[in-house]
Each structure stands twice: as C-alpha cells, then as structure tokens.
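> Sharing start33.csv below, CSV, C-alpha atoms and all ligand atoms:
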chain,number,residue,atom,x,y,z
Q,4,MET,CA,-27.2,9.5,-26.4
Q,5,GLY,CA,-28.5,8.6,-29.8
Q,6,THR,CA,-26.0,9.8,-32.5
Q,7,PRO,CA,-27.7,12.3,-34.7
Q,8,GLN,CA,-28.0,10.7,-38.1
Q,9,VAL,CA,-28.5,11.7,-41.7
Q,10,VAL,CA,-30.6,9.2,-43.6
Q,11,MET,CA,-31.6,8.8,-47.2
Q,12,PHE,CA,-34.5,6.8,-48.5
Q,13,GLU,CA,-35.3,5.3,-51.9
Q,14,GLU,CA,-38.0,7.8,-52.7
Q,15,GLU,CA,-35.9,10.9,-52.0
Q,16,GLN,CA,-32.8,9.3,-53.6
Q,17,GLN,CA,-34.8,8.9,-56.8
Q,18,GLN,CA,-36.1,12.5,-56.7
Q,19,ILE,CA,-32.6,13.8,-56.1
Q,20,GLN,CA,-31.3,11.7,-59.0
Q,21,ALA,CA,-34.0,13.1,-61.3
Q,22,VAL,CA,-33.0,16.7,-60.4
Q,23,CYS,CA,-29.4,15.9,-61.0
Q,24,ASP,CA,-30.0,14.3,-64.3
Q,25,ARG,CA,-32.1,17.2,-65.5
Q,26,LEU,CA,-29.6,19.8,-64.2
Q,27,GLN,CA,-26.8,18.0,-66.1
Q,28,ARG,CA,-28.8,18.1,-69.3
Q,29,ASP,CA,-30.2,21.6,-69.0
Q,30,SER,CA,-26.9,23.1,-68.0
Q,31,ASN,CA,-25.0,21.2,-70.7
Q,32,SER,CA,-22.4,20.3,-68.1
Q,33,ILE,CA,-20.0,17.4,-67.7
Q,34,ALA,CA,-21.1,16.1,-64.3
Q,35,ILE,CA,-23.2,16.8,-61.2
Q,36,LEU,CA,-22.4,15.7,-57.7
Q,37,VAL,CA,-24.5,16.1,-54.6
Q,38,ILE,CA,-22.5,15.6,-51.4
Q,39,ASN,CA,-23.5,16.0,-47.8
Q,40,LYS,CA,-21.5,18.6,-45.7
Q,41,ASP,CA,-19.6,15.8,-44.0
Q,42,GLY,CA,-18.1,14.8,-47.3
Q,43,GLN,CA,-20.2,11.7,-48.3
Q,44,GLU,CA,-21.6,11.3,-51.7
Q,45,ILE,CA,-25.4,11.5,-52.1
Q,46,ALA,CA,-25.8,11.4,-55.8
Q,47,ARG,CA,-24.0,11.8,-59.1
Q,48,ALA,CA,-25.1,12.4,-62.7
Q,49,GLY,CA,-23.5,12.8,-66.1
Q,50,ASN,CA,-20.0,11.7,-67.1
Q,51,THR,CA,-18.6,10.5,-63.8
Q,52,GLU,CA,-16.9,7.2,-64.7
Q,53,HIS,CA,-13.4,8.8,-64.8
Q,54,LEU,CA,-14.0,10.7,-61.5
Q,55,ASP,CA,-12.8,9.5,-58.1
Q,56,VAL,CA,-16.1,10.6,-56.5
Q,57,THR,CA,-15.2,9.5,-52.9
Q,58,SER,CA,-12.0,11.6,-52.9
Q,59,LEU,CA,-13.7,14.5,-54.6
Q,60,SER,CA,-16.5,14.5,-52.0
Q,61,SER,CA,-14.2,14.7,-49.1
Q,62,LEU,CA,-12.2,17.5,-50.7
Q,63,PHE,CA,-15.2,19.5,-51.8
Q,64,ALA,CA,-16.6,19.2,-48.3
Q,65,GLY,CA,-13.2,20.3,-46.9
Q,66,ASN,CA,-13.2,23.2,-49.2
Q,67,VAL,CA,-16.7,24.3,-48.3
Q,68,ALA,CA,-15.9,23.9,-44.6
Q,69,ALA,CA,-12.8,26.0,-44.9
Q,70,THR,CA,-14.7,28.7,-46.8
Q,71,GLY,CA,-17.5,28.6,-44.1
Q,72,GLY,CA,-14.8,29.0,-41.5
Q,73,ILE,CA,-13.4,32.0,-43.3
Q,74,ALA,CA,-16.9,33.5,-43.6
Q,75,LYS,CA,-17.4,33.1,-39.9
Q,76,LEU,CA,-14.1,34.9,-39.1
Q,77,LEU,CA,-15.2,37.8,-41.4
Q,78,ALA,CA,-18.6,37.9,-39.7
Q,79,GLU,CA,-20.1,37.1,-43.1
Q,80,LYS,CA,-23.0,34.8,-43.6
Q,81,GLU,CA,-21.9,31.5,-45.2
Q,82,PHE,CA,-20.8,32.2,-48.8
Q,83,SER,CA,-23.5,30.7,-50.8
Q,84,GLY,CA,-21.5,29.8,-53.9
Q,85,GLN,CA,-18.0,29.4,-55.3
Q,86,PHE,CA,-16.6,29.3,-58.8
Q,87,HIS,CA,-13.3,27.8,-59.8
Q,88,GLU,CA,-12.0,28.3,-63.3
Q,89,GLY,CA,-9.7,25.8,-64.8
Q,90,GLU,CA,-8.0,25.5,-68.2
Q,91,LYS,CA,-10.5,23.0,-69.4
Q,92,THR,CA,-12.9,22.2,-66.5
Q,93,ASN,CA,-14.7,24.7,-64.4
Q,94,ILE,CA,-16.4,24.0,-61.1
Q,95,HIS,CA,-19.5,25.6,-59.6
Q,96,LEU,CA,-20.1,24.9,-55.9
Q,97,SER,CA,-23.2,25.9,-53.9
Q,98,LEU,CA,-24.9,25.0,-50.7
Q,99,VAL,CA,-28.4,23.5,-50.7
Q,100,ALA,CA,-30.6,23.9,-47.7
Q,101,GLN,CA,-27.5,24.4,-45.4
Q,102,ARG,CA,-26.9,20.7,-45.6
Q,103,ALA,CA,-25.7,19.5,-49.0
Q,104,ILE,CA,-23.2,20.7,-51.5
Q,105,LEU,CA,-24.2,20.8,-55.2
Q,106,VAL,CA,-21.2,20.6,-57.5
Q,107,VAL,CA,-21.4,21.2,-61.3
Q,108,LEU,CA,-18.4,20.4,-63.4
Q,109,PHE,CA,-18.5,22.1,-66.8
Q,110,ASP,CA,-16.4,23.1,-69.8
Q,111,SER,CA,-16.7,25.5,-72.7
Q,112,ARG,CA,-19.8,23.8,-74.0
Q,113,SER,CA,-21.6,25.5,-71.1
Q,114,SER,CA,-21.1,28.9,-69.4
Q,115,LEU,CA,-21.1,30.2,-65.8
Q,116,GLY,CA,-24.3,32.2,-66.6
Q,117,LEU,CA,-26.2,29.1,-67.8
Q,118,VAL,CA,-24.9,27.0,-64.9
Q,119,ARG,CA,-25.9,29.6,-62.3
Q,120,LEU,CA,-29.4,29.9,-63.8
Q,121,ARG,CA,-30.0,26.1,-63.8
Q,122,VAL,CA,-28.5,25.6,-60.4
Q,123,LYS,CA,-30.9,28.1,-58.9
Q,124,LYS,CA,-33.9,26.1,-60.0
Q,125,ALA,CA,-32.3,22.7,-59.1
Q,126,SER,CA,-31.3,24.0,-55.7
Q,127,GLU,CA,-34.9,25.0,-54.9
Q,128,GLU,CA,-36.1,21.5,-55.9
Q,129,LEU,CA,-33.4,19.8,-53.9
Q,130,ALA,CA,-34.1,21.9,-50.9
Q,131,LYS,CA,-37.7,20.7,-51.0
Q,132,VAL,CA,-36.6,17.1,-51.1
Q,133,PHE,CA,-34.3,17.6,-48.1
Q,134,GLU,CA,-37.1,19.3,-46.2
Q,135,ALA,CA,-39.3,16.3,-46.8
Q,136,LEU,CA,-36.4,14.1,-45.5
Q,137,VAL,CA,-36.1,16.0,-42.3
Q,138,LYS,CA,-39.8,15.7,-41.8
Q,139,LYS,CA,-39.7,12.0,-42.3
Q,140,MET,CA,-36.8,11.7,-39.9
Q,141,SER,CA,-38.4,13.8,-37.2
Q,142,ALA,CA,-41.6,11.9,-37.6
Q,143,GLY,CA,-39.6,9.0,-36.4
Q,144,ASN,CA,-40.7,6.5,-39.0
Q,145,THR,CA,-37.2,5.4,-40.0
Q,146,PRO,CA,-36.7,1.7,-40.6
Q,147,THR,CA,-35.4,-0.4,-37.8
Q,148,VAL,CA,-32.6,-2.2,-39.6
Q,149,LEU,CA,-30.0,-0.7,-37.4
Q,150,GLY,CA,-31.8,-1.7,-34.2
Q,151,GLU,CA,-31.7,-5.3,-35.4
Q,152,ILE,CA,-27.9,-5.4,-35.7
Q,153,SER,CA,-26.6,-7.7,-33.0
Q,154,ASP,CA,-23.3,-7.5,-31.1
Q,155,ALA,CA,-22.4,-10.7,-32.9
Q,156,ASP,CA,-23.0,-9.0,-36.3
Q,157,ILE,CA,-20.6,-6.2,-35.3
Q,158,ASP,CA,-18.0,-8.7,-34.0
Q,159,ASN,CA,-18.2,-10.7,-37.3
Q,160,LEU,CA,-17.3,-7.7,-39.2
Q,161,PHE,CA,-13.9,-7.7,-37.5
Q,162,ASN,CA,-13.1,-11.4,-37.5
Q,163,ASP,CA,-11.0,-11.6,-40.6
N,25,MET,CA,-22.8,12.3,-38.1
N,26,SER,CA,-23.3,8.9,-39.6
N,27,PHE,CA,-25.0,8.9,-43.0
N,28,ILE,CA,-27.3,6.0,-43.6
N,29,ASN,CA,-28.5,5.5,-47.1
N,30,TYR,CA,-31.4,3.0,-47.2
N,31,SER,CA,-31.5,3.4,-51.0
N,32,SER,CA,-27.9,2.3,-51.7
N,33,ARG,CA,-27.8,0.3,-48.4
N,34,GLU,CA,-24.8,2.0,-47.0
N,35,ILE,CA,-23.7,3.2,-43.6
N,36,ASN,CA,-21.1,5.9,-43.7
N,37,CYS,CA,-19.2,6.9,-40.5
N,38,LYS,CA,-16.5,9.5,-39.8
N,39,ILE,CA,-13.6,8.9,-37.5
N,40,VAL,CA,-11.1,11.5,-36.5
N,41,TYR,CA,-7.6,10.8,-35.3
N,42,TYR,CA,-6.7,13.6,-32.9
N,43,GLY,CA,-3.4,14.3,-31.0
N,44,PRO,CA,-0.4,16.6,-30.7
N,45,GLY,CA,1.9,17.4,-33.6
N,46,LEU,CA,4.1,14.6,-34.7
N,47,CYS,CA,2.4,12.0,-32.5
N,48,GLY,CA,1.8,9.7,-35.4
N,49,LYS,CA,-1.8,10.3,-36.7
N,50,THR,CA,-0.8,10.3,-40.3
N,51,THR,CA,1.4,7.3,-39.8
N,52,ASN,CA,-1.6,5.4,-38.5
N,53,LEU,CA,-3.5,6.1,-41.6
N,54,GLN,CA,-0.6,5.3,-43.9
N,55,TYR,CA,-0.1,1.9,-42.2
N,56,ILE,CA,-3.8,1.1,-42.6
N,57,TYR,CA,-3.6,2.1,-46.2
N,58,THR,CA,-0.7,-0.1,-47.0
N,59,LYS,CA,-2.2,-3.1,-45.2
N,60,THR,CA,-5.7,-2.9,-46.7
N,61,ASN,CA,-6.8,-4.8,-49.8
N,62,PRO,CA,-7.2,-2.6,-52.8
N,63,GLU,CA,-11.0,-3.5,-53.1
N,64,ALA,CA,-11.6,-2.3,-49.5
N,65,LYS,CA,-10.0,1.1,-49.8
N,66,GLY,CA,-10.1,4.3,-51.9
N,67,LYS,CA,-7.3,6.7,-52.4
N,68,MET,CA,-5.6,8.2,-49.4
N,69,ILE,CA,-5.7,12.0,-49.6
N,70,SER,CA,-3.1,14.0,-47.7
N,71,LEU,CA,-3.3,17.8,-47.6
N,72,ALA,CA,0.2,18.4,-46.2
N,73,THR,CA,2.9,21.0,-46.1
N,74,GLU,CA,6.2,20.5,-48.0
N,75,THR,CA,7.7,19.1,-44.8
N,76,GLU,CA,4.9,16.5,-44.6
N,77,ARG,CA,3.1,18.0,-41.7
N,78,THR,CA,-0.6,17.8,-42.0
N,79,LEU,CA,-2.0,21.1,-43.2
N,80,PHE,CA,-5.7,20.4,-43.3
N,81,PHE,CA,-6.4,16.7,-43.1
N,82,ASP,CA,-5.6,13.2,-44.3
N,83,PHE,CA,-8.5,11.1,-45.5
N,84,LEU,CA,-8.8,7.4,-46.2
N,85,PRO,CA,-12.1,5.8,-47.3
N,86,LEU,CA,-12.4,2.2,-46.1
N,87,SER,CA,-15.1,-0.5,-46.7
N,88,LEU,CA,-15.2,-2.9,-43.8
N,89,GLY,CA,-17.8,-5.3,-45.1
N,90,GLU,CA,-21.5,-5.8,-44.8
N,91,ILE,CA,-23.8,-5.9,-41.8
N,92,ARG,CA,-27.4,-7.2,-42.5
N,93,GLY,CA,-27.1,-6.2,-46.2
N,94,PHE,CA,-25.6,-2.8,-45.4
N,95,LYS,CA,-22.2,-1.9,-46.7
N,96,THR,CA,-20.2,-0.2,-43.9
N,97,ARG,CA,-17.9,2.5,-45.0
N,98,PHE,CA,-15.6,4.2,-42.6
N,99,HIS,CA,-13.9,7.5,-43.3
N,100,PRO,CA,-11.0,8.1,-41.0
N,101,TYR,CA,-9.6,11.6,-41.0
N,102,THR,CA,-6.5,13.0,-39.2
N,103,GLU,CA,-6.4,16.5,-37.9
N,104,PRO,CA,-3.3,18.9,-38.1
N,105,GLY,CA,-1.7,18.6,-34.7
N,106,GLN,CA,0.3,21.8,-34.8
N,107,VAL,CA,-1.1,24.2,-32.2
N,108,PHE,CA,-1.7,27.1,-34.6
N,109,TYR,CA,-4.0,25.1,-36.9
N,110,ASP,CA,-6.8,25.2,-34.4
N,111,ALA,CA,-9.4,26.7,-36.8
N,112,SER,CA,-8.9,23.8,-39.2
N,113,ARG,CA,-9.1,21.3,-36.3
N,114,LYS,CA,-12.5,22.5,-35.4
N,115,LEU,CA,-13.7,22.0,-39.0
N,116,ILE,CA,-12.4,18.4,-39.2
N,117,LEU,CA,-14.4,17.5,-36.1
N,118,LYS,CA,-17.7,18.5,-37.8
N,119,GLY,CA,-19.9,15.5,-38.1
N,120,VAL,CA,-17.6,13.1,-36.3
N,121,ASP,CA,-18.9,9.7,-35.1
N,122,GLY,CA,-15.9,8.5,-33.3
N,123,VAL,CA,-12.5,9.8,-32.0
N,124,VAL,CA,-9.1,8.3,-31.6
N,125,PHE,CA,-6.8,10.2,-29.3
N,126,VAL,CA,-3.2,9.4,-30.3
N,127,ALA,CA,-0.8,10.2,-27.6
N,128,ASP,CA,3.0,10.6,-28.1
N,129,SER,CA,4.5,8.4,-25.4
N,130,GLN,CA,7.8,10.3,-25.1
N,131,ILE,CA,8.2,11.9,-21.7
N,132,GLU,CA,8.9,15.3,-23.2
N,133,ARG,CA,5.6,15.3,-25.1
N,134,MET,CA,3.5,14.8,-22.0
N,135,GLU,CA,2.5,18.5,-21.8
N,136,ALA,CA,1.7,18.5,-25.5
N,137,ASN,CA,-0.5,15.5,-25.0
N,138,ILE,CA,-2.4,17.1,-22.1
N,139,GLU,CA,-2.8,20.3,-24.1
N,140,SER,CA,-4.1,18.5,-27.1
N,141,LEU,CA,-6.6,16.5,-25.1
N,142,ASP,CA,-7.9,19.7,-23.5
N,143,ASN,CA,-8.2,21.2,-26.9
N,144,LEU,CA,-10.1,18.1,-28.2
N,145,ARG,CA,-12.6,18.5,-25.4
N,146,VAL,CA,-13.1,22.2,-26.0
N,147,ASN,CA,-13.4,21.8,-29.8
N,148,LEU,CA,-15.8,19.0,-29.5
N,149,SER,CA,-18.1,20.9,-27.1
N,150,ASP,CA,-18.0,23.8,-29.5
N,151,GLN,CA,-19.6,21.4,-32.0
N,152,GLY,CA,-22.1,20.2,-29.4
N,153,TYR,CA,-20.4,17.0,-28.6
N,154,ASN,CA,-19.3,15.6,-25.2
N,155,LEU,CA,-16.1,13.6,-25.2
N,156,ASP,CA,-17.5,11.5,-22.4
N,157,LYS,CA,-20.5,10.5,-24.5
N,158,ILE,CA,-19.1,9.8,-28.0
N,159,PRO,CA,-17.3,6.7,-29.2
N,160,TYR,CA,-13.8,7.3,-28.1
N,161,VAL,CA,-10.5,5.3,-27.7
N,162,VAL,CA,-7.0,6.2,-26.7
N,163,GLN,CA,-3.8,5.1,-28.4
N,164,TYR,CA,-0.3,5.4,-26.7
N,165,ASN,CA,2.0,5.6,-29.7
N,166,LYS,CA,5.7,5.4,-30.1
N,167,ARG,CA,6.1,2.7,-27.5
N,168,ASP,CA,9.3,1.7,-29.2
N,169,LEU,CA,11.2,4.8,-28.1
N,170,PRO,CA,13.6,4.5,-25.1
N,171,ASN,CA,12.4,7.9,-23.8
N,172,SER,CA,8.7,6.8,-23.6
N,173,ALA,CA,6.9,7.4,-20.3
N,174,PRO,CA,5.7,4.5,-18.2
N,175,LEU,CA,2.3,3.2,-19.3
N,176,ASP,CA,0.7,3.7,-15.9
N,177,GLU,CA,1.6,7.3,-15.9
N,178,LEU,CA,0.1,7.9,-19.4
N,179,LYS,CA,-3.0,6.1,-18.4
N,180,LYS,CA,-3.5,8.1,-15.3
N,181,VAL,CA,-3.1,11.4,-17.0
N,182,LEU,CA,-4.6,10.8,-20.4
N,183,ASN,CA,-7.3,8.3,-19.8
N,184,PRO,CA,-8.9,8.9,-16.4
N,185,THR,CA,-12.3,7.7,-17.6
N,186,THR,CA,-10.7,4.4,-18.8
N,187,VAL,CA,-12.0,4.2,-22.3
N,188,PRO,CA,-10.5,1.4,-24.5
N,189,GLU,CA,-6.8,2.0,-24.8
N,190,TYR,CA,-4.0,0.5,-26.9
N,191,GLU,CA,-0.2,0.6,-27.0
N,192,ALA,CA,1.1,1.2,-30.5
N,193,VAL,CA,4.1,1.6,-32.7
N,194,ALA,CA,2.4,3.2,-35.8
N,195,THR,CA,5.5,2.9,-37.9
N,196,THR,CA,5.5,-0.9,-37.7
N,197,GLY,CA,1.8,-1.2,-37.3
N,198,VAL,CA,1.7,-2.5,-33.7
N,199,GLY,CA,-1.7,-1.7,-32.3
N,200,VAL,CA,-2.9,0.2,-35.3
N,201,PHE,CA,-5.7,-2.1,-36.4
N,202,ASP,CA,-6.7,-2.9,-32.8
N,203,THR,CA,-7.3,0.9,-32.4
N,204,LEU,CA,-9.2,1.3,-35.6
N,205,LYS,CA,-11.4,-1.8,-34.9
N,206,ALA,CA,-12.1,-0.7,-31.4
N,207,VAL,CA,-13.4,2.7,-32.4
N,208,ALA,CA,-15.3,1.3,-35.4
N,209,LYS,CA,-17.0,-1.2,-33.1
N,210,LEU,CA,-18.0,1.6,-30.6
N,211,VAL,CA,-19.4,3.7,-33.5
N,212,LEU,CA,-21.5,0.8,-34.8
N,213,THR,CA,-22.7,0.0,-31.3
N,214,GLU,CA,-23.7,3.6,-30.7
N,215,LEU,CA,-25.5,3.6,-34.1
N,216,LYS,CA,-27.4,0.5,-33.1
N,217,ARG,CA,-28.5,2.1,-29.9
N,218,GLY,CA,-29.4,5.4,-31.5
N,219,GLY,CA,-31.1,3.8,-34.5
V,301,LIG,N1,9.7,5.8,-33.4
V,301,LIG,C1,8.5,6.0,-33.8
V,301,LIG,N2,8.3,7.0,-34.7
V,301,LIG,C2,7.0,7.2,-35.1
V,301,LIG,C3,5.9,6.4,-34.6
V,301,LIG,N3,4.8,6.8,-35.2
V,301,LIG,C4,5.1,7.9,-36.0
V,301,LIG,N4,6.5,8.1,-35.9
V,301,LIG,C5,7.2,9.1,-36.6
V,301,LIG,O1,6.8,10.4,-36.1
V,301,LIG,C6,6.9,11.4,-37.2
V,301,LIG,C7,5.6,12.1,-37.3
V,301,LIG,O2,4.5,11.3,-37.6
V,301,LIG,P1,3.2,11.8,-38.3
V,301,LIG,O3,2.3,10.6,-38.5
V,301,LIG,O4,3.5,12.6,-39.5
V,301,LIG,O5,2.6,12.7,-37.2
V,301,LIG,P2,1.2,13.5,-37.1
V,301,LIG,O6,0.6,13.2,-35.8
V,301,LIG,O7,0.4,13.2,-38.4
V,301,LIG,O8,1.7,15.1,-37.1
V,301,LIG,P3,0.9,16.4,-37.6
V,301,LIG,O9,0.5,16.1,-39.0
V,301,LIG,O10,1.9,17.5,-37.6
V,301,LIG,O11,-0.2,16.6,-36.7
V,301,LIG,C8,7.2,10.6,-38.4
V,301,LIG,O12,8.6,10.8,-38.7
V,301,LIG,C9,6.9,9.2,-38.1
V,301,LIG,O13,7.7,8.3,-38.8
V,301,LIG,C10,6.2,5.3,-33.7
V,301,LIG,O14,5.3,4.6,-33.2
V,301,LIG,N5,7.5,5.2,-33.3
V,302,MG,MG,-0.3,14.4,-39.8
Will you turn the file into structure tokens for me?

Amino acid sequence: MGTPQVVMFEEEQQQIQAVCDRLQRDSNSIAILVINKDGQEIARAGNTEHLDVTSLSSLFAGNVAATGGIAKLLAEKEFSGQFHEGEKTNIHLSLVAQRAILVVLFDSRSSLGLVRLRVKKASEELAKVFEALVKKMSAGNTPTVLGEISDADIDNLFND
Amino acid sequence: MSFINYSSREINCKIVYYGPGLCGKTTNLQYIYTKTNPEAKGKMISLATETERTLFFDFLPLSLGEIRGFKTRFHPYTEPGQVFYDASRKLILKGVDGVVFVADSQIERMEANIESLDNLRVNLSDQGYNLDKIPYVVQYNKRDLPNSAPLDELKKVLNPTTVPEYEAVATTGVGVFDTLKAVAKLVLTELKRGG
C-alpha cells in the first residue's frame, strides 16, 4: 500500500508565497500562515520572526480539526471560517480547498472586514494552486527522489 | 499523510502514540524531549487537564537529520487515553503515517489495553486506514513494576501479528528511543515504497 502523500513543488510554493505576500500587504495584517490540515507549515509571510510557526501550525490544525468534529456532530457542513479576538492580536482562520488552513494575524491597523475581503480573493487564488498540485500528483509525474532512498540511507539516519 | 516539500526539501511525517489512559504516552514524549539536542527539537506542546491527563494531544516536533538532501521532520503526537475522549482520538489519527501502541504492562490494565487496541483499529478504519497495513510498532511499558504481566502473555494478546515490539520503562527512558526509531524507520521505508 503506497502511503497517500501530500507534495509541494517549487513552482506552486512560489505561487503560494506570492499570494501570501500580497494578502499580507493588502490586508495590512501582521502575518499570514498557510498550513496543511495535518498541521504542517506550507508558507508564511509578513512579520513572523517572533512566531513559533511549528507550534502554531499544530495548534491551528488541532483547532480546525476540533471545530470540524463539532460541525459533524451538529450535522453542519464544515465551518468555513473562524475569528478570534484578542486584546492586541486578532486571528482569522479559514479553510482553503478543503485541504489547507489560511491564517491571518492582524491588529488595529487592519479590520475584520478588510481581512475577510482580502482573504476571499486570496483563497480563490490558493485553491487554484492546490488544484494544479492535485493534478500534477495524479498525473504521476512526481520526482523519484524517495524511490532512490536506500535501506542504508534510512539506517544511517539512526546511527548516532 | 506525509508531506513532502520538494521546494524546501523537507519530508514531514506524523506519528501517533496510542494506548489506554495512564499507560505512559506523554511520558514517552517527555523523555524524548529531555534527551534531544535543542537544535533537533521544537517546543513540546501539551494540551492537558489540571491533573496532567492529556486533554487533546501532546506534540513534539523533531528533526532527525537528512536523507539525500531532504530534511526529515517527525511529528509525534499522543492521544488522550481516557475512554470518553474518543471523538478527540479520532481527530488525532487524521493524516497519521505511523502508530505506536503503548501498552501498560500491569496485570490489572490488561483489559484496558485490549479495549484501547480494539478502539485503535476501529478509529483507524473510520479514517480509511488498516492497522495491518500501516507502519506500526508495539511498546510494553512499565516493565519496572512488580505487578507487570509476563511478556509472553502480553505478546500473545496484544501483538498477534508480531510487529516490532519493545519493552520499556518510559520514566527512565528504557526502550523509548528504540520504539521511536523503529516506527520512524518503518514510516520512511513505506514512503520509499509508495514514492
Ligand atoms: N513505574 C512506571 N511509571 C510510569 C512509566 N511510564 C509512565 N509512568 C507513570 O504513569 C503515569 C501516567 O503517565 P502518562 O505519560 O501521563 O500517561 P498517558 O498515557 O499520557 O495518559 P493519558 O494522557 O491519560 O492518556 C505518570 O505518573 C508516569 O510517571 C513506567 O514505565 N513505569
Ligand atoms: Mg497523556
């Protein structure tokens, strides 16, 4: 059984990065994160140096998974967005193409209305990129690097 | 579901520690955390109750090193073992690449072990996985306790398919890294086969 994989390529990574950079500017927000539903970072933009992106990714994914579980129990379609209001920082979470989580961190220099507006457009653009990725994957033209990994390579990783 | 990024050259894999309440899943991760070099680990996140029972999950990001120019990142999670957290357990299994079943060796926990293992099988198949086909190892924890069941009995009941198995004392670290390495190795081997 081949493990189902999610892959990312240079081309799509750059497109996603461009969308994130633009979203961050246009929404006047602090930072943007794109995370896959399993909690792994895909892209970041804006002021992220002070952020623990790995931890945040796992927690945002947990949050979205929990909310999705709640939706299921309420026979509700997955909630498409969430907003958390903090004293200084606000968070807007939304799902993109059922497979990624788009996070916008913003403060009083922006507003929920502006963020929602910009996220809508960015989501559509991101959805297109993910669609292209899925096509590439199902066309089977993924690089073969993993197939070239030898048992010895794997063993070496653990010989410390 | 492993996430392979050809742009940043990273392989990300998710491992879930499963097992009955108090069997020592969180203790496994805590030991790994304390014994891993700072540059190879991120922050350990524990969403726990006030009495330190896992409420949603523990999470510990690890970088194991490079294979053919790809950074390998492993993301071990623990699930909440208490029976009534079943809805959360299902969520933690989403996208899993490898499973460690942590059994509590104490004789009086045998039934809880069996129940948890059945629950693992059901919850996996709800997500479209088959326990007999995914990377999977078993750990017999708390071997230090005087009331622990004979190993043969545990093996017979909890590991009939004889996947890789390890005796452990998670509090002192016995068997903890052996278990982690074994499942990580199976995950990479599976990736290689699938990729
Ligand atoms: N004697 C002994 N105690 C252990 C061992 N491993 C864990 N413990 C103890 O067992 C208790 C429960 O351990 P946890 O790691 O919190 O258990 P858990 O499986 O995460 O439990 P839940 O979060 O409720 O699912 C703690 O007091 C640990 O110190 C072991 O190998 N031997
Ligand atoms: Mg725990």
> Set the cut-off to 9 Å, count all atoms listed in the file, and list whatever residues fall near ligand LIG 301 (chain V) as a PyMOL selection string.
chain N and resi 41-54+72-73+76-82+102-107+126-129+164-169+192-198
> Of the candidates Q:Leu149, Q:Val107, Q:Leu115, Q:Ala21, which one gets nearest to chain N if we count all atoms listed in the file?
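Ranked by minimum distance to chain N, first place goes to Q:Leu149.
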> Rank nothing, just name the residue among N:Asn29, N:Thr58, N:Asn154, N:Thr75 nearest to ligand MG 302 (chain V), using only C-alpha atoms and all ligand atoms.
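Once distances to ligand MG 302 (chain V) are computed over only C-alpha atoms and all ligand atoms, the minimum belongs to N:Thr75.
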> What residues in chain N have any atom no more than 6 Å from chain Q when counting all atoms listed in the file, and can you write them as an mmCIF file with C-alpha atoms, in the coordinates of the input?

data_model
loop_
_atom_site.group_PDB
_atom_site.id
_atom_site.type_symbol
_atom_site.label_atom_id
_atom_site.label_comp_id
_atom_site.auth_asym_id
_atom_site.auth_seq_id
_atom_site.Cartn_x
_atom_site.Cartn_y
_atom_site.Cartn_z
ATOM 1 C CA MET N 25 -22.800 12.300 -38.100
ATOM 2 C CA SER N 26 -23.300 8.900 -39.600
ATOM 3 C CA PHE N 27 -25.000 8.900 -43.000
ATOM 4 C CA ILE N 28 -27.300 6.000 -43.600
ATOM 5 C CA ASN N 29 -28.500 5.500 -47.100
ATOM 6 C CA TYR N 30 -31.400 3.000 -47.200
ATOM 7 C CA SER N 31 -31.500 3.400 -51.000
ATOM 8 C CA GLY N 119 -19.900 15.500 -38.100
ATOM 9 C CA LYS N 216 -27.400 0.500 -33.100
ATOM 10 C CA GLY N 218 -29.400 5.400 -31.500
ATOM 11 C CA GLY N 219 -31.100 3.800 -34.500
#
> CA of Ser83 (chain Q) to CA of His53 (chain Q): how many Å, to one decimal?
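About the pair CA of Ser83 (chain Q) and CA of His53 (chain Q): they are 27.9 Å apart.
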> So that I can see what lies close to Val162 (chain N), please list as a ChimeraX atom specification the residues with an atom at most 7 Å from it, counting all atoms listed in the file and leaving out residues fewer than 6 positions away in the same chain.
/N:124-126,187-190
> Report the distance between CA of Val161 (chain N) and CA of Ala111 (chain N) in Å, rounded to one decimal place.
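These two atoms are separated by 23.3 Å.
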> For the atom pair CA of Thr186 (chain N) and CA of Val211 (chain N), what is the interatomic distance in Å to one decimal place?
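These atoms are spaced 17.1 Å apart.
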> Select, from N:Asp142, N:Ser32, N:Lys95, N:Tyr109, the residue with the minimum atom-to-atom distance to ligand MG 302 (chain V), counting only C-alpha atoms and all ligand atoms.
N:Tyr109
> Looking at Q:Leu117, Q:Glu134, Q:Gly89, Q:Ala48, which one is nearest to Leu105 (chain Q), with distances taken over only C-alpha atoms?
Q:Ala48
> Could you tell me which of N:Ile39, N:Arg113, N:Lys209, N:Glu135 comes closest to Leu148 (chain N) if we count only C-alpha atoms?
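Closest to Leu148 (chain N), using only C-alpha atoms: N:Arg113.
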> For Ala125 (chain Q), work out the shell of residues within 12 Å, counting all atoms listed in the file and skipping chain neighbours fewer than 6 positions away, then give it as an NGL selection string.
:Q and (18-30 or 35 or 37 or 97-100 or 105-107 or 118-119 or 131-132)
> Atoms to include: C-alpha atoms. Write the selected residues as an mmCIF file, in the coordinates of the input.

data_model
loop_
_atom_site.group_PDB
_atom_site.id
_atom_site.type_symbol
_atom_site.label_atom_id
_atom_site.label_comp_id
_atom_site.auth_asym_id
_atom_site.auth_seq_id
_atom_site.Cartn_x
_atom_site.Cartn_y
_atom_site.Cartn_z
ATOM 1 C CA GLN Q 18 -36.100 12.500 -56.700
ATOM 2 C CA ILE Q 19 -32.600 13.800 -56.100
ATOM 3 C CA GLN Q 20 -31.300 11.700 -59.000
ATOM 4 C CA ALA Q 21 -34.000 13.100 -61.300
ATOM 5 C CA VAL Q 22 -33.000 16.700 -60.400
ATOM 6 C CA CYS Q 23 -29.400 15.900 -61.000
ATOM 7 C CA ASP Q 24 -30.000 14.300 -64.300
ATOM 8 C CA ARG Q 25 -32.100 17.200 -65.500
ATOM 9 C CA LEU Q 26 -29.600 19.800 -64.200
ATOM 10 C CA GLN Q 27 -26.800 18.000 -66.100
ATOM 11 C CA ARG Q 28 -28.800 18.100 -69.300
ATOM 12 C CA ASP Q 29 -30.200 21.600 -69.000
ATOM 13 C CA SER Q 30 -26.900 23.100 -68.000
ATOM 14 C CA ILE Q 35 -23.200 16.800 -61.200
ATOM 15 C CA VAL Q 37 -24.500 16.100 -54.600
ATOM 16 C CA SER Q 97 -23.200 25.900 -53.900
ATOM 17 C CA LEU Q 98 -24.900 25.000 -50.700
ATOM 18 C CA VAL Q 99 -28.400 23.500 -50.700
ATOM 19 C CA ALA Q 100 -30.600 23.900 -47.700
ATOM 20 C CA LEU Q 105 -24.200 20.800 -55.200
ATOM 21 C CA VAL Q 106 -21.200 20.600 -57.500
ATOM 22 C CA VAL Q 107 -21.400 21.200 -61.300
ATOM 23 C CA VAL Q 118 -24.900 27.000 -64.900
ATOM 24 C CA ARG Q 119 -25.900 29.600 -62.300
ATOM 25 C CA LYS Q 131 -37.700 20.700 -51.000
ATOM 26 C CA VAL Q 132 -36.600 17.100 -51.100
#
> Out of N:Gly122, N:Pro184, N:Gly199, N:Pro174, which residue has the shortest atom-to-atom distance to Leu215 (chain N) when counting only C-alpha atoms?
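Checking each of N:Gly122, N:Pro184, N:Gly199, N:Pro174 against Leu215 (chain N), counting only C-alpha atoms, the winner is N:Gly122.
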> Up to 6 Å from (-12.5, 3.9, -41.0) in the file's coordinates: name the residues, counting only C-alpha atoms, as a list in words.
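Looking at atoms near the point gives Leu86, Phe98, His99 and Pro100 of chain N.
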